[in-house]
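Presented below is the structure to which this report refers.
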Amino acid sequence: MSAATDEPLTASTVPLADLPWPLLQTVAALADAPLIQIAERLRAATLPYMASSALVIFTEDCTGRPQKKAGEEEITSRVSIAELDTLRAELSDETPWFGEAELAGRLRPVLALKHDSSGALLVLTDPHPVDPGHNAGLDLVTYLWRIAARRIQEKVVDAPPSYLLESRAASAERVRVTAELTDLHSTTLETLLAALRSSSLDDAVARSTVTDLAVKALVGLRTLSDRTTDLVEVPVAIAFERLREDLRPLTRFSGVEIEFIEPPQKGRALPGEVAHAGRAVVRGLVLAMMEQPDISRVRTQWDCDGENLLINVRDDGRGIIAADAPSIGRLDRRVQALAGQLRVEVMPGWGADVFVTLPLDLPARPAGDVAGWDLAARELEVLQHLVAGERNRTIASTLGISENTVKFHVRNLFRKLDVGSRTEAIALANSHGLR
């Protein structure tokens, strides 16, 4: 053995003062970011290297809040899921893409990056490198985005009960609002088409042109409605196929056979949070079972009775898995967050059988479950009017106060409820039984 080989390993010789501490602190802050702050922290991390007017994240892992935004309000308040979905479809891999794209209602210069494993999309509007002479800025933005995308995946998997409940409520609220907008604009466009087809209009060219435009708008609106529903609902067969993809590496490398019993092809679609939770619970159960000795096969089966997702996972081990093991406890808490049940049946010498039931509908919660928000009487009144779908002017007239006073109460509500929009406030109120 050479003398060089015999030398003991030593720490890096880079002096502590020479380490890139601002960047390291930024990475640490991003890696520790809660979901609600992930866009703000990622924008703060990227600005020293890539200036931009706004940052938008689009991720279907968060079905309740698929968009996470920071920057200019003119952009963040108007960007749509349809625009982001169209842009993402143009990206074939994780290669950064510079170009012009329709965003927030008009063409804008953008930098777009996709995260392969999750399909999440990052968009920076009006991007320009802080140091145009080097590519290091783009490399750092790409690196930071991968950390953020992975963080989102991890946080969704380990989401606390409060987040899951609020996410489900937000999903339901978005579907309701989209359905109302669809009905409203469909009626308008259908009326327009009827008028333009009237024989009393003799300008055939104008009538034909406007008819084509109206038809296109009507189709686009229906597509947007369907796309919104797709984000918050997943057919049970598709969710199960995604589970199969999740577990494929284990099948390939572990030596354990994983048997999949296909669910019925037809039936009610799963809410996004139930589909995510179902996949996470099965992954966790399979990993826990594979830690036992003498495991050769694990069987997983899904079914849906119209009201619940029914999951069964069974192994052929010695039947020594403990129902009170920390790994099982974590999965049980996730199931309980969605008002579900997890039951473990251990058969010594024959294996373990785990049954999970996840309700598809959000359980009603008592209306009194809002005391923790510490709302003043007037704030609670304003929140009830928000839930009823009223605008500030209507609320002001009903309560006999000024519109500015209503805005003041709404800002206080956002702060106390820790939400960023009226839709989120309404969704959270609904999830607590406030009607």
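Residues are named by chain letter and number: chains run A, B, ... in the order of the structure tokens, numbers start at 1 in each chain, and ligands are numbered from 1 in the order shown.
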**OP:** Fewer than 6 positions away in the same chain doesn't count, so skip those; otherwise give me all residues within 8 Å of region 106-108 of chain A, counting only C-alpha atoms, as a count of residues only.
**Re:** 3
Original post:
For Asp353 (chain A), which residue out of A:Val286, A:Ile258, A:Leu338, A:Ala377 is the nearest one, using only C-alpha atoms?
Top reply: A:Val286
**OP:** Kindly give the distance, in Å, that separates CA of Val356 (chain A) and CA of Gln341 (chain A), rounded to a single decimal.
**Re:**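 Straight-line distance from CA of Val356 (chain A) to CA of Gln341 (chain A) works out to 5.7 Å.
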**OP:** May I have the residues within 12 Å of Phe408 (chain A) as a PyMOL selection string, using only C-alpha atoms and disregarding those fewer than 6 positions away in the same chain?
**Re:** chain A and resi 378-379+382+392+396+401-402+414-415
Please, could you write that set of residues out with C-alpha atoms as an mmCIF file, in the first residue's frame?
data_model
loop_
_atom_site.group_PDB
_atom_site.id
_atom_site.type_symbol
_atom_site.label_atom_id
_atom_site.label_comp_id
_atom_site.auth_asym_id
_atom_site.auth_seq_id
_atom_site.Cartn_x
_atom_site.Cartn_y
_atom_site.Cartn_z
ATOM 1 C CA ARG A 378 -67.606 41.777 12.366
ATOM 2 C CA GLU A 379 -64.833 39.702 10.757
ATOM 3 C CA VAL A 382 -67.711 39.408 6.592
ATOM 4 C CA ASN A 392 -67.167 43.780 -1.324
ATOM 5 C CA ALA A 396 -70.702 46.886 2.494
ATOM 6 C CA ILE A 401 -70.271 50.012 6.270
ATOM 7 C CA SER A 402 -67.940 51.419 3.610
ATOM 8 C CA PHE A 414 -56.475 36.635 5.186
ATOM 9 C CA ARG A 415 -53.880 37.218 7.905
#
DSSP-assigned alpha helix (DSSP H) members of region 183-394 of chain A, reported as a PDB file with C-alpha atoms, in the first residue's frame:
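And here is the file that came out, out_27.pdb:
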ATOM      1  CA  ASP A 183     -72.376  28.060 -17.166  1.00  0.00           C
ATOM      2  CA  LEU A 184     -72.279  31.857 -17.260  1.00  0.00           C
ATOM      3  CA  HIS A 185     -70.031  32.184 -20.304  1.00  0.00           C
ATOM      4  CA  SER A 186     -71.639  29.254 -22.098  1.00  0.00           C
ATOM      5  CA  THR A 187     -75.014  30.955 -21.865  1.00  0.00           C
ATOM      6  CA  THR A 188     -73.514  34.219 -23.143  1.00  0.00           C
ATOM      7  CA  LEU A 189     -71.753  32.578 -26.065  1.00  0.00           C
ATOM      8  CA  GLU A 190     -74.740  30.432 -26.999  1.00  0.00           C
ATOM      9  CA  THR A 191     -76.921  33.556 -27.029  1.00  0.00           C
ATOM     10  CA  LEU A 192     -74.342  35.291 -29.206  1.00  0.00           C
ATOM     11  CA  LEU A 193     -74.319  32.389 -31.629  1.00  0.00           C
ATOM     12  CA  ALA A 194     -78.094  32.391 -31.852  1.00  0.00           C
ATOM     13  CA  ALA A 195     -78.089  36.107 -32.646  1.00  0.00           C
ATOM     14  CA  LEU A 196     -75.378  35.805 -35.262  1.00  0.00           C
ATOM     15  CA  ALA A 204     -72.580  37.024 -44.184  1.00  0.00           C
ATOM     16  CA  VAL A 205     -68.813  37.447 -43.900  1.00  0.00           C
ATOM     17  CA  ALA A 206     -69.001  39.188 -40.520  1.00  0.00           C
ATOM     18  CA  ARG A 207     -71.512  36.657 -39.244  1.00  0.00           C
ATOM     19  CA  SER A 208     -69.339  33.735 -40.332  1.00  0.00           C
ATOM     20  CA  THR A 209     -66.187  35.196 -38.820  1.00  0.00           C
ATOM     21  CA  VAL A 210     -67.717  36.059 -35.470  1.00  0.00           C
ATOM     22  CA  THR A 211     -69.502  32.701 -35.346  1.00  0.00           C
ATOM     23  CA  ASP A 212     -66.187  30.888 -35.784  1.00  0.00           C
ATOM     24  CA  LEU A 213     -64.587  32.977 -33.031  1.00  0.00           C
ATOM     25  CA  ALA A 214     -67.460  32.367 -30.655  1.00  0.00           C
ATOM     26  CA  VAL A 215     -67.412  28.624 -31.308  1.00  0.00           C
ATOM     27  CA  LYS A 216     -63.678  28.542 -30.638  1.00  0.00           C
ATOM     28  CA  ALA A 217     -64.138  30.464 -27.385  1.00  0.00           C
ATOM     29  CA  LEU A 218     -66.929  28.133 -26.296  1.00  0.00           C
ATOM     30  CA  VAL A 219     -64.803  25.039 -26.975  1.00  0.00           C
ATOM     31  CA  GLY A 220     -61.862  26.581 -25.112  1.00  0.00           C
ATOM     32  CA  LEU A 221     -64.032  27.337 -22.107  1.00  0.00           C
ATOM     33  CA  ARG A 222     -65.371  23.788 -21.989  1.00  0.00           C
ATOM     34  CA  THR A 223     -61.805  22.477 -22.293  1.00  0.00           C
ATOM     35  CA  LEU A 224     -60.713  24.651 -19.380  1.00  0.00           C
ATOM     36  CA  SER A 225     -63.558  23.301 -17.262  1.00  0.00           C
ATOM     37  CA  ASP A 226     -62.623  19.705 -18.110  1.00  0.00           C
ATOM     38  CA  ARG A 227     -58.946  20.417 -17.403  1.00  0.00           C
ATOM     39  CA  THR A 228     -59.768  21.855 -13.981  1.00  0.00           C
ATOM     40  CA  THR A 229     -61.786  18.745 -13.156  1.00  0.00           C
ATOM     41  CA  ASP A 230     -58.882  16.552 -14.338  1.00  0.00           C
ATOM     42  CA  LEU A 231     -56.568  18.312 -11.868  1.00  0.00           C
ATOM     43  CA  VAL A 232     -58.699  17.485  -8.843  1.00  0.00           C
ATOM     44  CA  VAL A 236     -59.182   5.001 -10.118  1.00  0.00           C
ATOM     45  CA  ALA A 237     -57.567   2.921 -12.884  1.00  0.00           C
ATOM     46  CA  ILE A 238     -55.163   5.757 -13.797  1.00  0.00           C
ATOM     47  CA  ALA A 239     -54.270   6.339 -10.133  1.00  0.00           C
ATOM     48  CA  PHE A 240     -53.543   2.610  -9.766  1.00  0.00           C
ATOM     49  CA  GLU A 241     -51.349   2.641 -12.881  1.00  0.00           C
ATOM     50  CA  ARG A 242     -49.344   5.503 -11.370  1.00  0.00           C
ATOM     51  CA  LEU A 243     -48.928   3.386  -8.244  1.00  0.00           C
ATOM     52  CA  ARG A 244     -47.581   0.558 -10.400  1.00  0.00           C
ATOM     53  CA  GLU A 245     -45.032   2.967 -11.891  1.00  0.00           C
ATOM     54  CA  ASP A 246     -44.056   4.113  -8.376  1.00  0.00           C
ATOM     55  CA  LEU A 247     -43.343   0.544  -7.291  1.00  0.00           C
ATOM     56  CA  ARG A 248     -41.726  -0.684 -10.503  1.00  0.00           C
ATOM     57  CA  PRO A 249     -38.136  -0.057  -9.252  1.00  0.00           C
ATOM     58  CA  LEU A 250     -38.833  -2.239  -6.192  1.00  0.00           C
ATOM     59  CA  THR A 251     -40.141  -4.999  -8.412  1.00  0.00           C
ATOM     60  CA  ARG A 252     -37.016  -4.795 -10.536  1.00  0.00           C
ATOM     61  CA  PHE A 253     -34.296  -4.673  -7.883  1.00  0.00           C
ATOM     62  CA  GLY A 272     -56.721  14.175  -6.104  1.00  0.00           C
ATOM     63  CA  GLU A 273     -55.826  14.127  -2.401  1.00  0.00           C
ATOM     64  CA  VAL A 274     -57.311  10.627  -2.012  1.00  0.00           C
ATOM     65  CA  ALA A 275     -55.366   9.371  -5.037  1.00  0.00           C
ATOM     66  CA  HIS A 276     -52.103  10.868  -3.702  1.00  0.00           C
ATOM     67  CA  ALA A 277     -52.748   9.519  -0.201  1.00  0.00           C
ATOM     68  CA  GLY A 278     -53.651   6.065  -1.515  1.00  0.00           C
ATOM     69  CA  ARG A 279     -50.424   5.794  -3.472  1.00  0.00           C
ATOM     70  CA  ALA A 280     -48.345   7.084  -0.548  1.00  0.00           C
ATOM     71  CA  VAL A 281     -49.958   4.656   1.908  1.00  0.00           C
ATOM     72  CA  VAL A 282     -49.372   1.652  -0.364  1.00  0.00           C
ATOM     73  CA  ARG A 283     -45.753   2.677  -0.976  1.00  0.00           C
ATOM     74  CA  GLY A 284     -45.218   3.008   2.775  1.00  0.00           C
ATOM     75  CA  LEU A 285     -46.845  -0.348   3.524  1.00  0.00           C
ATOM     76  CA  VAL A 286     -44.835  -2.159   0.864  1.00  0.00           C
ATOM     77  CA  LEU A 287     -41.571  -0.693   2.183  1.00  0.00           C
ATOM     78  CA  ALA A 288     -42.493  -1.607   5.782  1.00  0.00           C
ATOM     79  CA  MET A 289     -43.343  -5.165   4.766  1.00  0.00           C
ATOM     80  CA  MET A 290     -40.129  -5.571   2.798  1.00  0.00           C
ATOM     81  CA  PRO A 326     -43.562   3.963  13.899  1.00  0.00           C
ATOM     82  CA  SER A 327     -43.787   3.395  10.134  1.00  0.00           C
ATOM     83  CA  ILE A 328     -47.351   2.097  10.427  1.00  0.00           C
ATOM     84  CA  GLY A 329     -48.234   4.908  12.831  1.00  0.00           C
ATOM     85  CA  ARG A 330     -47.151   7.551  10.317  1.00  0.00           C
ATOM     86  CA  LEU A 331     -49.302   5.952   7.635  1.00  0.00           C
ATOM     87  CA  ASP A 332     -52.244   5.709  10.026  1.00  0.00           C
ATOM     88  CA  ARG A 333     -52.030   9.442  10.774  1.00  0.00           C
ATOM     89  CA  ARG A 334     -52.100  10.208   7.061  1.00  0.00           C
ATOM     90  CA  VAL A 335     -55.169   8.007   6.652  1.00  0.00           C
ATOM     91  CA  GLN A 336     -56.880   9.680   9.612  1.00  0.00           C
ATOM     92  CA  ALA A 337     -56.178  13.097   8.069  1.00  0.00           C
ATOM     93  CA  ALA A 377     -67.725  39.497  15.418  1.00  0.00           C
ATOM     94  CA  ARG A 378     -67.606  41.777  12.366  1.00  0.00           C
ATOM     95  CA  GLU A 379     -64.833  39.702  10.757  1.00  0.00           C
ATOM     96  CA  LEU A 380     -66.942  36.562  11.165  1.00  0.00           C
ATOM     97  CA  GLU A 381     -69.880  38.368   9.535  1.00  0.00           C
ATOM     98  CA  VAL A 382     -67.711  39.408   6.592  1.00  0.00           C
ATOM     99  CA  LEU A 383     -66.393  35.848   6.236  1.00  0.00           C
ATOM    100  CA  GLN A 384     -69.958  34.479   6.152  1.00  0.00           C
ATOM    101  CA  HIS A 385     -70.813  36.906   3.362  1.00  0.00           C
ATOM    102  CA  LEU A 386     -67.665  35.863   1.477  1.00  0.00           C
ATOM    103  CA  VAL A 387     -68.745  32.231   1.762  1.00  0.00           C
ATOM    104  CA  ASN A 392     -67.167  43.780  -1.324  1.00  0.00           C
ATOM    105  CA  ARG A 393     -69.740  46.306  -2.530  1.00  0.00           C
ATOM    106  CA  THR A 394     -72.642  44.012  -1.670  1.00  0.00           C
TER     107      THR A 394
END
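Candidate residues A:Leu124, A:Gly306, A:Val130, A:Asp361 were compared for distance to Pro271 (chain A), and the nearest is A:Asp361, using only C-alpha atoms.
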Original post:
Contacts of Thr76 (chain A) at 12 Å or less, counting only C-alpha atoms, minus same-chain residues fewer than 2 places along, as a ChimeraX atom specification?
Top reply: /A:39-40,53-58,67-74,78-81,84,103-105,123-125,420-421
Excluding Pro235 (chain A) and its own-chain neighbours fewer than 4 positions away, which residues fall within 8 Å of it when counting only C-alpha atoms? Please give them as a PDB file with C-alpha atoms, in the first residue's frame.
ATOM      1  CA  ALA A 239     -54.270   6.339 -10.133  1.00  0.00           C
ATOM      2  CA  GLY A 267     -66.635   3.870 -11.481  1.00  0.00           C
ATOM      3  CA  ARG A 268     -66.321   7.112  -9.629  1.00  0.00           C
ATOM      4  CA  ALA A 269     -63.089   9.104 -10.005  1.00  0.00           C
ATOM      5  CA  LEU A 270     -60.914   9.723  -6.956  1.00  0.00           C
TER       6      LEU A 270
END
Original post:
When distances are computed from only C-alpha atoms, which of A:Asp131, A:Glu345, A:Asp203, A:Asp315 shows the smallest separation from Ala51 (chain A)?
Top reply: A:Asp131
